[in-house]
$ cat data20.pdb   # PDB, C-alpha atoms and all ligand atoms
ATOM      1  CA  MET A   3      -8.022  53.293  56.562
ATOM      2  CA  SER A   4      -9.489  55.136  53.632
ATOM      3  CA  VAL A   5     -11.742  53.951  50.865
ATOM      4  CA  THR A   6     -10.872  53.576  47.196
ATOM      5  CA  TRP A   7     -12.771  53.327  43.938
ATOM      6  CA  GLN A   8     -11.742  49.650  43.855
ATOM      7  CA  ASP A   9     -13.563  49.204  47.173
ATOM      8  CA  VAL A  10     -16.720  50.666  45.641
ATOM      9  CA  GLN A  11     -16.398  48.332  42.657
ATOM     10  CA  ALA A  12     -15.935  45.325  44.953
ATOM     11  CA  ALA A  13     -18.998  46.411  46.961
ATOM     12  CA  SER A  14     -20.937  46.651  43.720
ATOM     13  CA  ASP A  15     -20.071  43.009  42.940
ATOM     14  CA  ARG A  16     -21.060  41.878  46.460
ATOM     15  CA  ILE A  17     -24.495  43.480  46.388
ATOM     16  CA  ALA A  18     -25.259  42.505  42.775
ATOM     17  CA  GLY A  19     -28.424  40.447  42.553
ATOM     18  CA  VAL A  20     -29.299  41.196  46.201
ATOM     19  CA  ALA A  21     -29.761  44.979  46.315
ATOM     20  CA  HIS A  22     -32.193  46.423  43.800
ATOM     21  CA  ARG A  23     -30.729  48.289  40.876
ATOM     22  CA  THR A  24     -33.093  51.195  41.523
ATOM     23  CA  PRO A  25     -34.747  53.184  38.734
ATOM     24  CA  VAL A  26     -33.716  56.626  37.530
ATOM     25  CA  LEU A  27     -36.510  59.219  37.524
ATOM     26  CA  THR A  28     -36.645  62.288  35.316
ATOM     27  CA  SER A  29     -39.258  65.026  34.984
ATOM     28  CA  THR A  30     -39.667  67.779  32.419
ATOM     29  CA  THR A  31     -41.557  69.738  35.080
ATOM     30  CA  VAL A  32     -38.556  69.750  37.416
ATOM     31  CA  ASP A  33     -36.186  70.492  34.545
ATOM     32  CA  ASP A  34     -38.353  73.450  33.521
ATOM     33  CA  ARG A  35     -38.520  74.750  37.085
ATOM     34  CA  THR A  36     -34.773  74.451  37.754
ATOM     35  CA  GLY A  37     -33.256  75.001  34.315
ATOM     36  CA  GLY A  38     -31.123  71.876  34.673
ATOM     37  CA  GLN A  39     -31.405  68.294  33.501
ATOM     38  CA  LEU A  40     -32.006  66.278  36.653
ATOM     39  CA  PHE A  41     -31.563  62.519  37.104
ATOM     40  CA  PHE A  42     -32.960  61.135  40.352
ATOM     41  CA  LYS A  43     -31.569  57.810  41.584
ATOM     42  CA  ALA A  44     -34.620  56.438  43.365
ATOM     43  CA  GLU A  45     -33.142  54.779  46.435
ATOM     44  CA  ASN A  46     -36.546  55.246  48.064
ATOM     45  CA  TYR A  47     -37.319  52.085  46.058
ATOM     46  CA  GLN A  48     -34.265  50.253  47.432
ATOM     47  CA  ARG A  49     -34.808  47.204  49.685
ATOM     48  CA  MET A  50     -35.980  48.409  53.119
ATOM     49  CA  GLY A  51     -36.557  51.800  51.520
ATOM     50  CA  ALA A  52     -33.144  53.478  51.529
ATOM     51  CA  PHE A  53     -29.626  53.312  50.105
ATOM     52  CA  LYS A  54     -28.396  52.093  53.515
ATOM     53  CA  PHE A  55     -29.011  48.486  52.477
ATOM     54  CA  ARG A  56     -26.000  48.827  50.178
ATOM     55  CA  GLY A  57     -23.476  49.593  52.907
ATOM     56  CA  ALA A  58     -24.996  47.215  55.438
ATOM     57  CA  TYR A  59     -24.961  44.254  53.084
ATOM     58  CA  ASN A  60     -21.434  45.085  51.907
ATOM     59  CA  ALA A  61     -20.225  45.205  55.525
ATOM     60  CA  ILE A  62     -21.862  42.043  56.870
ATOM     61  CA  SER A  63     -20.975  40.001  53.788
ATOM     62  CA  GLN A  64     -17.309  40.543  54.733
ATOM     63  CA  PHE A  65     -17.741  39.110  58.258
ATOM     64  CA  THR A  66     -15.491  36.212  59.234
ATOM     65  CA  PRO A  67     -17.161  32.942  60.313
ATOM     66  CA  ALA A  68     -16.462  33.941  63.945
ATOM     67  CA  GLN A  69     -18.219  37.283  63.457
ATOM     68  CA  MET A  70     -21.172  35.553  61.804
ATOM     69  CA  GLN A  71     -21.484  33.408  64.950
ATOM     70  CA  THR A  72     -21.732  36.357  67.350
ATOM     71  CA  GLY A  73     -23.774  38.618  65.094
ATOM     72  CA  VAL A  74     -23.963  42.313  64.354
ATOM     73  CA  ILE A  75     -24.826  45.314  66.567
ATOM     74  CA  ALA A  76     -25.931  48.694  65.234
ATOM     75  CA  PHE A  77     -27.077  51.981  66.749
ATOM     76  CA  SER A  78     -29.245  54.008  64.417
ATOM     77  CA  SER A  79     -32.073  56.482  64.124
ATOM     78  CA  GLY A  80     -33.782  54.181  61.692
ATOM     79  CA  ASN A  81     -32.679  53.310  58.195
ATOM     80  CA  HIS A  82     -29.277  51.909  59.127
ATOM     81  CA  ALA A  83     -31.085  49.774  61.686
ATOM     82  CA  GLN A  84     -33.444  48.348  59.109
ATOM     83  CA  ALA A  85     -30.603  47.885  56.665
ATOM     84  CA  ILE A  86     -28.486  45.955  59.162
ATOM     85  CA  ALA A  87     -31.494  43.922  60.292
ATOM     86  CA  LEU A  88     -32.412  42.925  56.734
ATOM     87  CA  ALA A  89     -28.827  42.257  55.634
ATOM     88  CA  ALA A  90     -28.214  40.160  58.752
ATOM     89  CA  GLN A  91     -31.373  38.158  58.079
ATOM     90  CA  LEU A  92     -30.401  37.567  54.433
ATOM     91  CA  LEU A  93     -26.854  36.558  55.359
ATOM     92  CA  GLY A  94     -27.968  34.381  58.280
ATOM     93  CA  THR A  95     -26.577  36.201  61.311
ATOM     94  CA  LYS A  96     -28.155  37.788  64.417
ATOM     95  CA  ALA A  97     -28.761  41.563  64.660
ATOM     96  CA  THR A  98     -29.114  43.672  67.827
ATOM     97  CA  ILE A  99     -30.196  47.256  67.126
ATOM     98  CA  VAL A 100     -29.920  50.189  69.560
ATOM     99  CA  MET A 101     -32.584  52.724  68.540
ATOM    100  CA  PRO A 102     -33.856  56.020  69.954
ATOM    101  CA  GLN A 103     -37.215  55.848  71.756
ATOM    102  CA  ASP A 104     -38.593  58.573  69.494
ATOM    103  CA  ALA A 105     -37.576  56.904  66.227
ATOM    104  CA  PRO A 106     -40.498  56.858  63.771
ATOM    105  CA  PRO A 107     -42.804  53.984  64.788
ATOM    106  CA  ASN A 108     -42.785  52.547  61.283
ATOM    107  CA  LYS A 109     -38.988  52.305  61.422
ATOM    108  CA  LEU A 110     -39.079  50.545  64.822
ATOM    109  CA  ALA A 111     -41.695  48.110  63.564
ATOM    110  CA  ALA A 112     -39.832  47.408  60.334
ATOM    111  CA  THR A 113     -36.577  46.732  62.208
ATOM    112  CA  ARG A 114     -38.309  44.226  64.491
ATOM    113  CA  GLY A 115     -40.042  42.813  61.423
ATOM    114  CA  TYR A 116     -36.675  41.851  59.940
ATOM    115  CA  GLY A 117     -36.040  39.727  63.017
ATOM    116  CA  ALA A 118     -33.677  42.051  64.888
ATOM    117  CA  GLU A 119     -33.650  42.516  68.651
ATOM    118  CA  VAL A 120     -34.308  46.225  69.386
ATOM    119  CA  VAL A 121     -32.843  48.027  72.440
ATOM    120  CA  LEU A 122     -34.316  51.528  73.003
ATOM    121  CA  TYR A 123     -32.558  54.630  74.407
ATOM    122  CA  ASP A 124     -33.288  58.347  74.939
ATOM    123  CA  ARG A 125     -31.411  60.253  72.252
ATOM    124  CA  TYR A 126     -31.515  63.538  74.178
ATOM    125  CA  SER A 127     -29.862  62.151  77.335
ATOM    126  CA  GLN A 128     -28.026  58.905  76.557
ATOM    127  CA  ASP A 129     -24.989  58.199  74.386
ATOM    128  CA  ARG A 130     -25.856  55.529  71.843
ATOM    129  CA  GLU A 131     -22.268  54.618  71.085
ATOM    130  CA  ALA A 132     -21.591  53.794  74.734
ATOM    131  CA  ILE A 133     -24.726  51.633  74.814
ATOM    132  CA  GLY A 134     -23.710  49.804  71.645
ATOM    133  CA  ASP A 135     -20.220  49.215  72.993
ATOM    134  CA  ARG A 136     -21.597  47.931  76.312
ATOM    135  CA  ILE A 137     -23.811  45.416  74.550
ATOM    136  CA  ALA A 138     -20.884  44.346  72.395
ATOM    137  CA  ALA A 139     -18.749  43.840  75.502
ATOM    138  CA  GLU A 140     -21.504  41.910  77.327
ATOM    139  CA  GLN A 141     -22.701  39.574  74.580
ATOM    140  CA  GLY A 142     -20.048  39.792  71.872
ATOM    141  CA  GLY A 143     -20.868  40.843  68.349
ATOM    142  CA  THR A 144     -19.470  43.330  65.870
ATOM    143  CA  VAL A 145     -20.622  46.940  65.948
ATOM    144  CA  ILE A 146     -21.229  48.293  62.465
ATOM    145  CA  PRO A 147     -21.582  52.079  62.701
ATOM    146  CA  PRO A 148     -24.010  53.872  60.387
ATOM    147  CA  TYR A 149     -21.468  55.873  58.420
ATOM    148  CA  ASP A 150     -17.895  55.895  59.712
ATOM    149  CA  HIS A 151     -16.766  52.523  58.400
ATOM    150  CA  PRO A 152     -14.908  51.798  55.138
ATOM    151  CA  HIS A 153     -17.269  48.991  54.105
ATOM    152  CA  ILE A 154     -20.305  51.191  54.737
ATOM    153  CA  ILE A 155     -18.819  54.073  52.740
ATOM    154  CA  ALA A 156     -17.852  51.789  49.843
ATOM    155  CA  GLY A 157     -21.342  50.277  49.759
ATOM    156  CA  GLN A 158     -23.048  53.677  49.750
ATOM    157  CA  GLY A 159     -20.880  54.688  46.770
ATOM    158  CA  THR A 160     -22.515  52.056  44.585
ATOM    159  CA  ALA A 161     -25.724  54.074  44.056
ATOM    160  CA  ILE A 162     -24.031  56.916  42.161
ATOM    161  CA  LYS A 163     -21.907  54.368  40.300
ATOM    162  CA  GLU A 164     -25.108  52.813  38.944
ATOM    163  CA  LEU A 165     -26.558  56.218  38.122
ATOM    164  CA  ILE A 166     -23.513  57.380  36.162
ATOM    165  CA  GLU A 167     -23.272  54.034  34.372
ATOM    166  CA  GLU A 168     -26.895  54.441  33.324
ATOM    167  CA  VAL A 169     -27.130  58.119  32.347
ATOM    168  CA  GLY A 170     -23.521  59.004  31.550
ATOM    169  CA  GLU A 171     -21.394  62.007  32.433
ATOM    170  CA  LEU A 172     -22.771  64.410  35.080
ATOM    171  CA  ASP A 173     -21.778  67.998  35.842
ATOM    172  CA  ILE A 174     -23.145  68.076  39.379
ATOM    173  CA  VAL A 175     -23.854  65.350  41.919
ATOM    174  CA  ILE A 176     -25.920  66.016  45.057
ATOM    175  CA  THR A 177     -26.685  63.869  48.101
ATOM    176  CA  SER A 178     -28.151  64.485  51.511
ATOM    177  CA  LEU A 179     -25.686  64.556  54.396
ATOM    178  CA  GLY A 180     -25.864  63.062  57.859
ATOM    179  CA  GLY A 181     -22.626  61.525  59.075
ATOM    180  CA  GLY A 182     -21.238  61.497  55.562
ATOM    181  CA  GLY A 183     -21.182  57.828  54.550
ATOM    182  CA  LEU A 184     -23.373  58.501  51.530
ATOM    183  CA  LEU A 185     -21.556  61.678  50.545
ATOM    184  CA  ALA A 186     -18.073  60.171  51.007
ATOM    185  CA  GLY A 187     -18.910  57.030  49.011
ATOM    186  CA  THR A 188     -20.594  59.136  46.348
ATOM    187  CA  ALA A 189     -17.582  61.442  46.181
ATOM    188  CA  ILE A 190     -15.144  58.565  45.671
ATOM    189  CA  ALA A 191     -17.222  57.005  42.887
ATOM    190  CA  THR A 192     -17.971  60.340  41.242
ATOM    191  CA  HIS A 193     -14.320  61.367  41.343
ATOM    192  CA  ALA A 194     -13.404  58.105  39.588
ATOM    193  CA  LEU A 195     -16.140  58.203  36.942
ATOM    194  CA  CYS A 196     -16.710  61.948  36.376
ATOM    195  CA  PRO A 197     -13.616  63.691  37.742
ATOM    196  CA  ALA A 198     -14.803  67.118  36.605
ATOM    197  CA  ALA A 199     -18.180  66.946  38.375
ATOM    198  CA  SER A 200     -18.998  69.240  41.285
ATOM    199  CA  ILE A 201     -20.169  67.345  44.363
ATOM    200  CA  PHE A 202     -22.536  68.813  46.975
ATOM    201  CA  GLY A 203     -23.864  67.600  50.300
ATOM    202  CA  VAL A 204     -27.082  69.026  51.743
ATOM    203  CA  GLU A 205     -27.953  68.949  55.421
ATOM    204  CA  PRO A 206     -30.773  70.392  57.520
ATOM    205  CA  ALA A 207     -30.285  74.076  58.365
ATOM    206  CA  ALA A 208     -31.038  73.224  62.014
ATOM    207  CA  GLY A 209     -27.995  70.934  62.147
ATOM    208  CA  ASN A 210     -25.321  72.339  59.850
ATOM    209  CA  ASP A 211     -22.346  70.725  61.604
ATOM    210  CA  GLY A 212     -21.160  69.317  58.276
ATOM    211  CA  GLN A 213     -21.124  72.720  56.633
ATOM    212  CA  ARG A 214     -19.303  74.258  59.598
ATOM    213  CA  SER A 215     -16.796  71.392  59.639
ATOM    214  CA  PHE A 216     -16.190  71.663  55.922
ATOM    215  CA  ARG A 217     -15.610  75.400  56.098
ATOM    216  CA  SER A 218     -13.481  75.396  59.275
ATOM    217  CA  GLY A 219     -11.406  72.301  58.456
ATOM    218  CA  GLU A 220     -12.203  70.630  61.779
ATOM    219  CA  ILE A 221     -15.016  68.271  62.746
ATOM    220  CA  VAL A 222     -17.690  70.316  64.559
ATOM    221  CA  THR A 223     -20.003  68.521  67.003
ATOM    222  CA  ILE A 224     -23.514  69.819  67.723
ATOM    223  CA  GLN A 225     -26.478  68.940  69.956
ATOM    224  CA  THR A 226     -29.147  66.700  68.428
ATOM    225  CA  PRO A 227     -30.772  69.031  65.891
ATOM    226  CA  LYS A 228     -34.559  69.426  65.891
ATOM    227  CA  THR A 229     -35.530  68.791  62.282
ATOM    228  CA  ILE A 230     -37.983  66.617  60.363
ATOM    229  CA  ALA A 231     -34.991  65.165  58.487
ATOM    230  CA  ASP A 232     -34.452  62.360  61.009
ATOM    231  CA  GLY A 233     -31.961  60.579  58.743
ATOM    232  CA  ALA A 234     -29.617  63.566  59.092
ATOM    233  CA  GLN A 235     -29.876  64.196  62.850
ATOM    234  CA  THR A 236     -26.263  63.213  63.288
ATOM    235  CA  LEU A 237     -24.045  65.160  65.705
ATOM    236  CA  HIS A 238     -20.837  65.180  63.685
ATOM    237  CA  LEU A 239     -19.070  63.867  60.609
ATOM    238  CA  GLY A 240     -16.824  60.822  60.941
ATOM    239  CA  ASN A 241     -13.059  60.504  61.200
ATOM    240  CA  ILE A 242     -13.104  58.504  57.968
ATOM    241  CA  THR A 243     -15.863  60.371  56.124
ATOM    242  CA  PHE A 244     -14.608  63.899  56.856
ATOM    243  CA  PRO A 245     -11.211  63.711  55.089
ATOM    244  CA  ILE A 246     -12.848  62.127  52.030
ATOM    245  CA  ILE A 247     -15.424  64.913  51.985
ATOM    246  CA  GLN A 248     -12.708  67.549  52.389
ATOM    247  CA  GLU A 249     -10.772  66.074  49.491
ATOM    248  CA  HIS A 250     -13.543  65.701  46.925
ATOM    249  CA  VAL A 251     -16.607  67.724  47.852
ATOM    250  CA  THR A 252     -17.285  71.151  46.354
ATOM    251  CA  ASP A 253     -19.510  72.529  49.126
ATOM    252  CA  ILE A 254     -22.031  71.683  51.795
ATOM    253  CA  VAL A 255     -25.277  73.655  51.819
ATOM    254  CA  THR A 256     -28.496  73.549  53.828
ATOM    255  CA  ALA A 257     -32.285  73.525  53.601
ATOM    256  CA  THR A 258     -34.906  74.364  56.225
ATOM    257  CA  ASP A 259     -37.737  72.062  57.251
ATOM    258  CA  ASP A 260     -40.225  74.179  55.276
ATOM    259  CA  GLU A 261     -38.044  73.887  52.189
ATOM    260  CA  ILE A 262     -37.787  70.138  52.713
ATOM    261  CA  LEU A 263     -41.594  69.867  52.908
ATOM    262  CA  ASP A 264     -41.909  71.922  49.731
ATOM    263  CA  ALA A 265     -39.542  69.544  47.900
ATOM    264  CA  MET A 266     -41.380  66.495  49.309
ATOM    265  CA  ARG A 267     -44.684  67.903  48.065
ATOM    266  CA  PHE A 268     -43.186  68.474  44.624
ATOM    267  CA  LEU A 269     -41.813  64.935  44.503
ATOM    268  CA  ALA A 270     -45.155  63.489  45.615
ATOM    269  CA  TYR A 271     -47.566  65.573  43.561
ATOM    270  CA  ARG A 272     -45.514  66.238  40.432
ATOM    271  CA  MET A 273     -43.234  63.214  40.243
ATOM    272  CA  LYS A 274     -45.527  60.717  42.015
ATOM    273  CA  THR A 275     -42.786  59.468  44.299
ATOM    274  CA  VAL A 276     -42.724  59.346  48.105
ATOM    275  CA  VAL A 277     -39.452  60.467  49.650
ATOM    276  CA  GLU A 278     -38.683  60.896  53.344
ATOM    277  CA  PRO A 279     -37.597  64.350  54.566
ATOM    278  CA  THR A 280     -33.864  63.566  54.477
ATOM    279  CA  GLY A 281     -34.194  62.269  50.935
ATOM    280  CA  ALA A 282     -35.701  65.552  49.763
ATOM    281  CA  LEU A 283     -32.737  67.685  50.941
ATOM    282  CA  PRO A 284     -30.941  67.841  47.561
ATOM    283  CA  LEU A 285     -34.007  69.025  45.663
ATOM    284  CA  ALA A 286     -34.798  71.477  48.479
ATOM    285  CA  ALA A 287     -31.317  72.997  48.068
ATOM    286  CA  ILE A 288     -31.867  73.423  44.332
ATOM    287  CA  PHE A 289     -35.297  74.986  44.846
ATOM    288  CA  ASN A 290     -34.011  77.353  47.548
ATOM    289  CA  GLY A 291     -31.246  78.573  45.267
ATOM    290  CA  GLN A 292     -28.224  77.215  47.134
ATOM    291  CA  ILE A 293     -27.146  75.037  44.225
ATOM    292  CA  ASP A 294     -27.314  76.525  40.733
ATOM    293  CA  VAL A 295     -28.062  73.756  38.252
ATOM    294  CA  ARG A 296     -28.950  75.867  35.208
ATOM    295  CA  GLY A 297     -27.675  74.224  32.039
ATOM    296  CA  LYS A 298     -26.176  71.305  33.986
ATOM    297  CA  ARG A 299     -26.663  67.556  34.001
ATOM    298  CA  VAL A 300     -27.364  66.787  37.632
ATOM    299  CA  GLY A 301     -27.368  63.482  39.513
ATOM    300  CA  ILE A 302     -29.417  63.389  42.710
ATOM    301  CA  ILE A 303     -29.669  60.544  45.173
ATOM    302  CA  LEU A 304     -33.245  60.317  46.491
ATOM    303  CA  SER A 305     -31.826  58.623  49.557
ATOM    304  CA  GLY A 306     -34.897  57.075  51.160
ATOM    305  CA  GLY A 307     -38.651  56.763  51.305
ATOM    306  CA  ASN A 308     -39.453  55.758  54.874
ATOM    307  CA  VAL A 309     -41.858  58.558  55.813
ATOM    308  CA  SER A 310     -43.700  58.501  59.134
ATOM    309  CA  ASP A 311     -47.502  58.720  59.112
ATOM    310  CA  LYS A 312     -47.278  62.134  60.737
ATOM    311  CA  ILE A 313     -45.113  63.576  57.966
ATOM    312  CA  LEU A 314     -47.008  61.905  55.145
ATOM    313  CA  ALA A 315     -50.206  63.621  56.282
ATOM    314  CA  ILE A 316     -48.612  66.467  54.342
ATOM    315  CA  ASN A 317     -49.560  69.639  56.146
TER     316      ASN A 317
HETATM  317  C1  LIG B   1     -28.703  57.806  56.660
HETATM  318  C2  LIG B   1     -29.436  58.592  55.680
HETATM  319  C3  LIG B   1     -28.866  59.729  55.091
HETATM  320  C4  LIG B   1     -27.529  60.271  55.470
HETATM  321  O1  LIG B   1     -26.495  59.350  55.252
HETATM  322  P1  LIG B   1     -25.074  59.542  55.956
HETATM  323  O2  LIG B   1     -24.252  58.455  55.403
HETATM  324  O3  LIG B   1     -25.292  59.426  57.438
HETATM  325  O4  LIG B   1     -24.604  60.901  55.610
HETATM  326  C5  LIG B   1     -29.595  60.369  54.110
HETATM  327  N1  LIG B   1     -30.821  59.962  53.744
HETATM  328  C6  LIG B   1     -31.414  58.891  54.299
HETATM  329  C7  LIG B   1     -32.764  58.497  53.846
HETATM  330  C8  LIG B   1     -30.735  58.164  55.283
HETATM  331  O5  LIG B   1     -31.312  57.095  55.826
END

$ encode --input "data20.pdb" --output "structure tokens" --more "lines below"
Ligand SMILES: *Cc1c(COP(=O)(O)O)cnc(C)c1O
Amino acid sequence: MSVTWQDVQAASDRIAGVAHRTPVLTSTTVDDRTGGQLFFKAENYQRMGAFKFRGAYNAISQFTPAQMQTGVIAFSSGNHAQAIALAAQLLGTKATIVMPQDAPPNKLAATRGYGAEVVLYDRYSQDREAIGDRIAAEQGGTVIPPYDHPHIIAGQGTAIKELIEEVGELDIVITSLGGGGLLAGTAIATHALCPAASIFGVEPAAGNDGQRSFRSGEIVTIQTPKTIADGAQTLHLGNITFPIIQEHVTDIVTATDDEILDAMRFLAYRMKTVVEPTGALPLAAIFNGQIDVRGKRVGIILSGGNVSDKILAIN
């Protein structure tokens, strides 16, 4: 059950006219500082504020009539929840979302605002997948996981497809990395459109399971990492995302919370764009020297813009 370039193209057709075709940002200041030519795909301006709308809409729009009757269930630290809630509302089906108690309040409120029913759990002591499965068993409904699903991966691949179509050939492509849906989809599309490009994933230094998995060849599972990058607090890569990442990705690197804040400040003050901590990971990894972009044309997915009040009061 892998994902092909044709799947990304089909996803692109499904979301056309529903998802925003987000703008591409450039900045001579960032190019001067890094020595590269950087193109930022501003998914912080996507519907519900992150690329996750792409995968969610692609997945639910392939539901059978029976699945539409019973609705969709998701477990998510935030953006996938909002994405599923909004896509379900637009497509006319019911959404039940299992969310951690300590999810950013704005993300909880937004999810409820899209008409979803929210079920809370403690992410440090309870297993969200078991809760999602129990709800599915009790009331029916289709669980759509946040990253390890072919329709999610294909949908997430549409952002880089749009970027490459707009700006042309890239030498390097960089995304943030949680469970790997974004990176896997990006890798498939990049491999099809720019086969020579290097592809990097960036995850929080506090939770570098992806890097360890990539380097050891086996999926490594960690405890919930303590990091401000809440969109990348995943415990492990997926059974579908990992082999795709192994096949196409050049390397997985990391950034610390301080480096993330530095990149967020740069994006806010210099580029006038608000990005959530997870969305700033790629730029943080360029600034901290883990990805050398000198002389390269670089595509970066600014994955989301849903910042909590606490983080936006930039310390
Ligand atoms: C979910 C998310 C990610 C990570 O995506 P994965 O597919 O889990 O790797 C990155 N950035 C933001 C803003 C997200 O919401």

$ residues_near_ligand --input "data20.pdb" --ligand "ligand LIG 1 (chain B)" --cutoff "9 Å" --atoms "all atoms listed in the file" --output "short mmCIF file (atom, residue, chain, number, x, y, z; two decimals) with C-alpha atoms, in the coordinates of the input"
data_model
loop_
_atom_site.label_atom_id
_atom_site.label_comp_id
_atom_site.auth_asym_id
_atom_site.auth_seq_id
_atom_site.Cartn_x
_atom_site.Cartn_y
_atom_site.Cartn_z
CA GLU A 45 -33.14 54.78 46.44
CA ASN A 46 -36.55 55.25 48.06
CA GLY A 51 -36.56 51.80 51.52
CA ALA A 52 -33.14 53.48 51.53
CA PHE A 53 -29.63 53.31 50.10
CA LYS A 54 -28.40 52.09 53.52
CA SER A 78 -29.24 54.01 64.42
CA SER A 79 -32.07 56.48 64.12
CA GLY A 80 -33.78 54.18 61.69
CA ASN A 81 -32.68 53.31 58.20
CA HIS A 82 -29.28 51.91 59.13
CA PRO A 148 -24.01 53.87 60.39
CA TYR A 149 -21.47 55.87 58.42
CA ASP A 150 -17.90 55.90 59.71
CA ILE A 154 -20.30 51.19 54.74
CA ILE A 155 -18.82 54.07 52.74
CA GLN A 158 -23.05 53.68 49.75
CA THR A 177 -26.68 63.87 48.10
CA SER A 178 -28.15 64.48 51.51
CA LEU A 179 -25.69 64.56 54.40
CA GLY A 180 -25.86 63.06 57.86
CA GLY A 181 -22.63 61.52 59.08
CA GLY A 182 -21.24 61.50 55.56
CA GLY A 183 -21.18 57.83 54.55
CA LEU A 184 -23.37 58.50 51.53
CA LEU A 185 -21.56 61.68 50.54
CA ALA A 186 -18.07 60.17 51.01
CA GLY A 187 -18.91 57.03 49.01
CA GLY A 203 -23.86 67.60 50.30
CA GLU A 205 -27.95 68.95 55.42
CA ALA A 231 -34.99 65.17 58.49
CA ASP A 232 -34.45 62.36 61.01
CA GLY A 233 -31.96 60.58 58.74
CA ALA A 234 -29.62 63.57 59.09
CA GLN A 235 -29.88 64.20 62.85
CA THR A 236 -26.26 63.21 63.29
CA LEU A 239 -19.07 63.87 60.61
CA THR A 243 -15.86 60.37 56.12
CA VAL A 277 -39.45 60.47 49.65
CA GLU A 278 -38.68 60.90 53.34
CA PRO A 279 -37.60 64.35 54.57
CA THR A 280 -33.86 63.57 54.48
CA GLY A 281 -34.19 62.27 50.94
CA ALA A 282 -35.70 65.55 49.76
CA LEU A 283 -32.74 67.68 50.94
CA ILE A 303 -29.67 60.54 45.17
CA LEU A 304 -33.24 60.32 46.49
CA SER A 305 -31.83 58.62 49.56
CA GLY A 306 -34.90 57.08 51.16
CA GLY A 307 -38.65 56.76 51.30
CA ASN A 308 -39.45 55.76 54.87
#

$ axis_aligned_box --input "data20.pdb" --around "stretch 41-55 of chain A" --padding-each-side "8 Å" --output "lines of an AutoDock Vina configuration file"
center_x = -32.9
center_y = 54.9
center_z = 45.3
size_x = 24.9
size_y = 31.3
size_z = 32.4

$ resolve_selection --input "data20.pdb" --expression "the PyMOL selection byres (((chain A and resi 103-118) around 6) and not hetatm)" --output "PyMOL selection string"
chain A and resi 79-80+84+87-88+97-98+102+119+122-124+310

$ closest_residue --input "data20.pdb" --among "A:Val120, A:Met273, A:Met101, A:Ile293" --to "A:Ile174" --atoms "all atoms listed in the file"
A:Ile293

$ resolve_selection --input "data20.pdb" --expression "the PyMOL selection byres (((chain A and resi 209) around 10) and not hetatm)" --output "PDB file with C-alpha atoms, in the frame of the given file"
ATOM      1  CA  GLY A 180     -25.864  63.062  57.859  1.00  0.00           C
ATOM      2  CA  GLU A 205     -27.953  68.949  55.421  1.00  0.00           C
ATOM      3  CA  PRO A 206     -30.773  70.392  57.520  1.00  0.00           C
ATOM      4  CA  ALA A 207     -30.285  74.076  58.365  1.00  0.00           C
ATOM      5  CA  ALA A 208     -31.038  73.224  62.014  1.00  0.00           C
ATOM      6  CA  ASN A 210     -25.321  72.339  59.850  1.00  0.00           C
ATOM      7  CA  ASP A 211     -22.346  70.725  61.604  1.00  0.00           C
ATOM      8  CA  GLY A 212     -21.160  69.317  58.276  1.00  0.00           C
ATOM      9  CA  GLN A 213     -21.124  72.720  56.633  1.00  0.00           C
ATOM     10  CA  ARG A 214     -19.303  74.258  59.598  1.00  0.00           C
ATOM     11  CA  THR A 223     -20.003  68.521  67.003  1.00  0.00           C
ATOM     12  CA  ILE A 224     -23.514  69.819  67.723  1.00  0.00           C
ATOM     13  CA  GLN A 225     -26.478  68.940  69.956  1.00  0.00           C
ATOM     14  CA  THR A 226     -29.147  66.700  68.428  1.00  0.00           C
ATOM     15  CA  PRO A 227     -30.772  69.031  65.891  1.00  0.00           C
ATOM     16  CA  LYS A 228     -34.559  69.426  65.891  1.00  0.00           C
ATOM     17  CA  THR A 229     -35.530  68.791  62.282  1.00  0.00           C
ATOM     18  CA  ALA A 231     -34.991  65.165  58.487  1.00  0.00           C
ATOM     19  CA  ALA A 234     -29.617  63.566  59.092  1.00  0.00           C
ATOM     20  CA  GLN A 235     -29.876  64.196  62.850  1.00  0.00           C
ATOM     21  CA  THR A 236     -26.263  63.213  63.288  1.00  0.00           C
ATOM     22  CA  LEU A 237     -24.045  65.160  65.705  1.00  0.00           C
ATOM     23  CA  HIS A 238     -20.837  65.180  63.685  1.00  0.00           C
ATOM     24  CA  THR A 256     -28.496  73.549  53.828  1.00  0.00           C
ATOM     25  CA  ALA A 257     -32.285  73.525  53.601  1.00  0.00           C
ATOM     26  CA  THR A 258     -34.906  74.364  56.225  1.00  0.00           C
TER      27      THR A 258
END

$ resolve_selection --input "data20.pdb" --expression "the PyMOL selection byres (((chain A and resi 63-73) around 6) and not hetatm)" --output "mmCIF file with C-alpha atoms, in the frame of the given file"
data_model
loop_
_atom_site.group_PDB
_atom_site.id
_atom_site.type_symbol
_atom_site.label_atom_id
_atom_site.label_comp_id
_atom_site.auth_asym_id
_atom_site.auth_seq_id
_atom_site.Cartn_x
_atom_site.Cartn_y
_atom_site.Cartn_z
ATOM 1 C CA TYR A 59 -24.961 44.254 53.084
ATOM 2 C CA ASN A 60 -21.434 45.085 51.907
ATOM 3 C CA ALA A 61 -20.225 45.205 55.525
ATOM 4 C CA ILE A 62 -21.862 42.043 56.870
ATOM 5 C CA VAL A 74 -23.963 42.313 64.354
ATOM 6 C CA THR A 95 -26.577 36.201 61.311
ATOM 7 C CA LYS A 96 -28.155 37.788 64.417
ATOM 8 C CA ALA A 97 -28.761 41.563 64.660
ATOM 9 C CA GLY A 142 -20.048 39.792 71.872
ATOM 10 C CA GLY A 143 -20.868 40.843 68.349
#

$ atom_distance --input "data20.pdb" --atom1 "atom CA of A:Ala83" --atom2 "atom CA of A:Val145"
11.6 Å

$ decode --input "data20.pdb" --residues "stretch 180-184 of chain A" --atoms "C-alpha atoms" --output "short mmCIF file (atom, residue, chain, number, x, y, z; two decimals), in the first residue's frame"
data_model
loop_
_atom_site.label_atom_id
_atom_site.label_comp_id
_atom_site.auth_asym_id
_atom_site.auth_seq_id
_atom_site.Cartn_x
_atom_site.Cartn_y
_atom_site.Cartn_z
CA GLY A 180 6.47 14.64 12.62
CA GLY A 181 5.10 11.26 11.60
CA GLY A 182 6.28 11.78 8.05
CA GLY A 183 3.11 12.33 6.02
CA LEU A 184 4.33 15.70 4.79
#
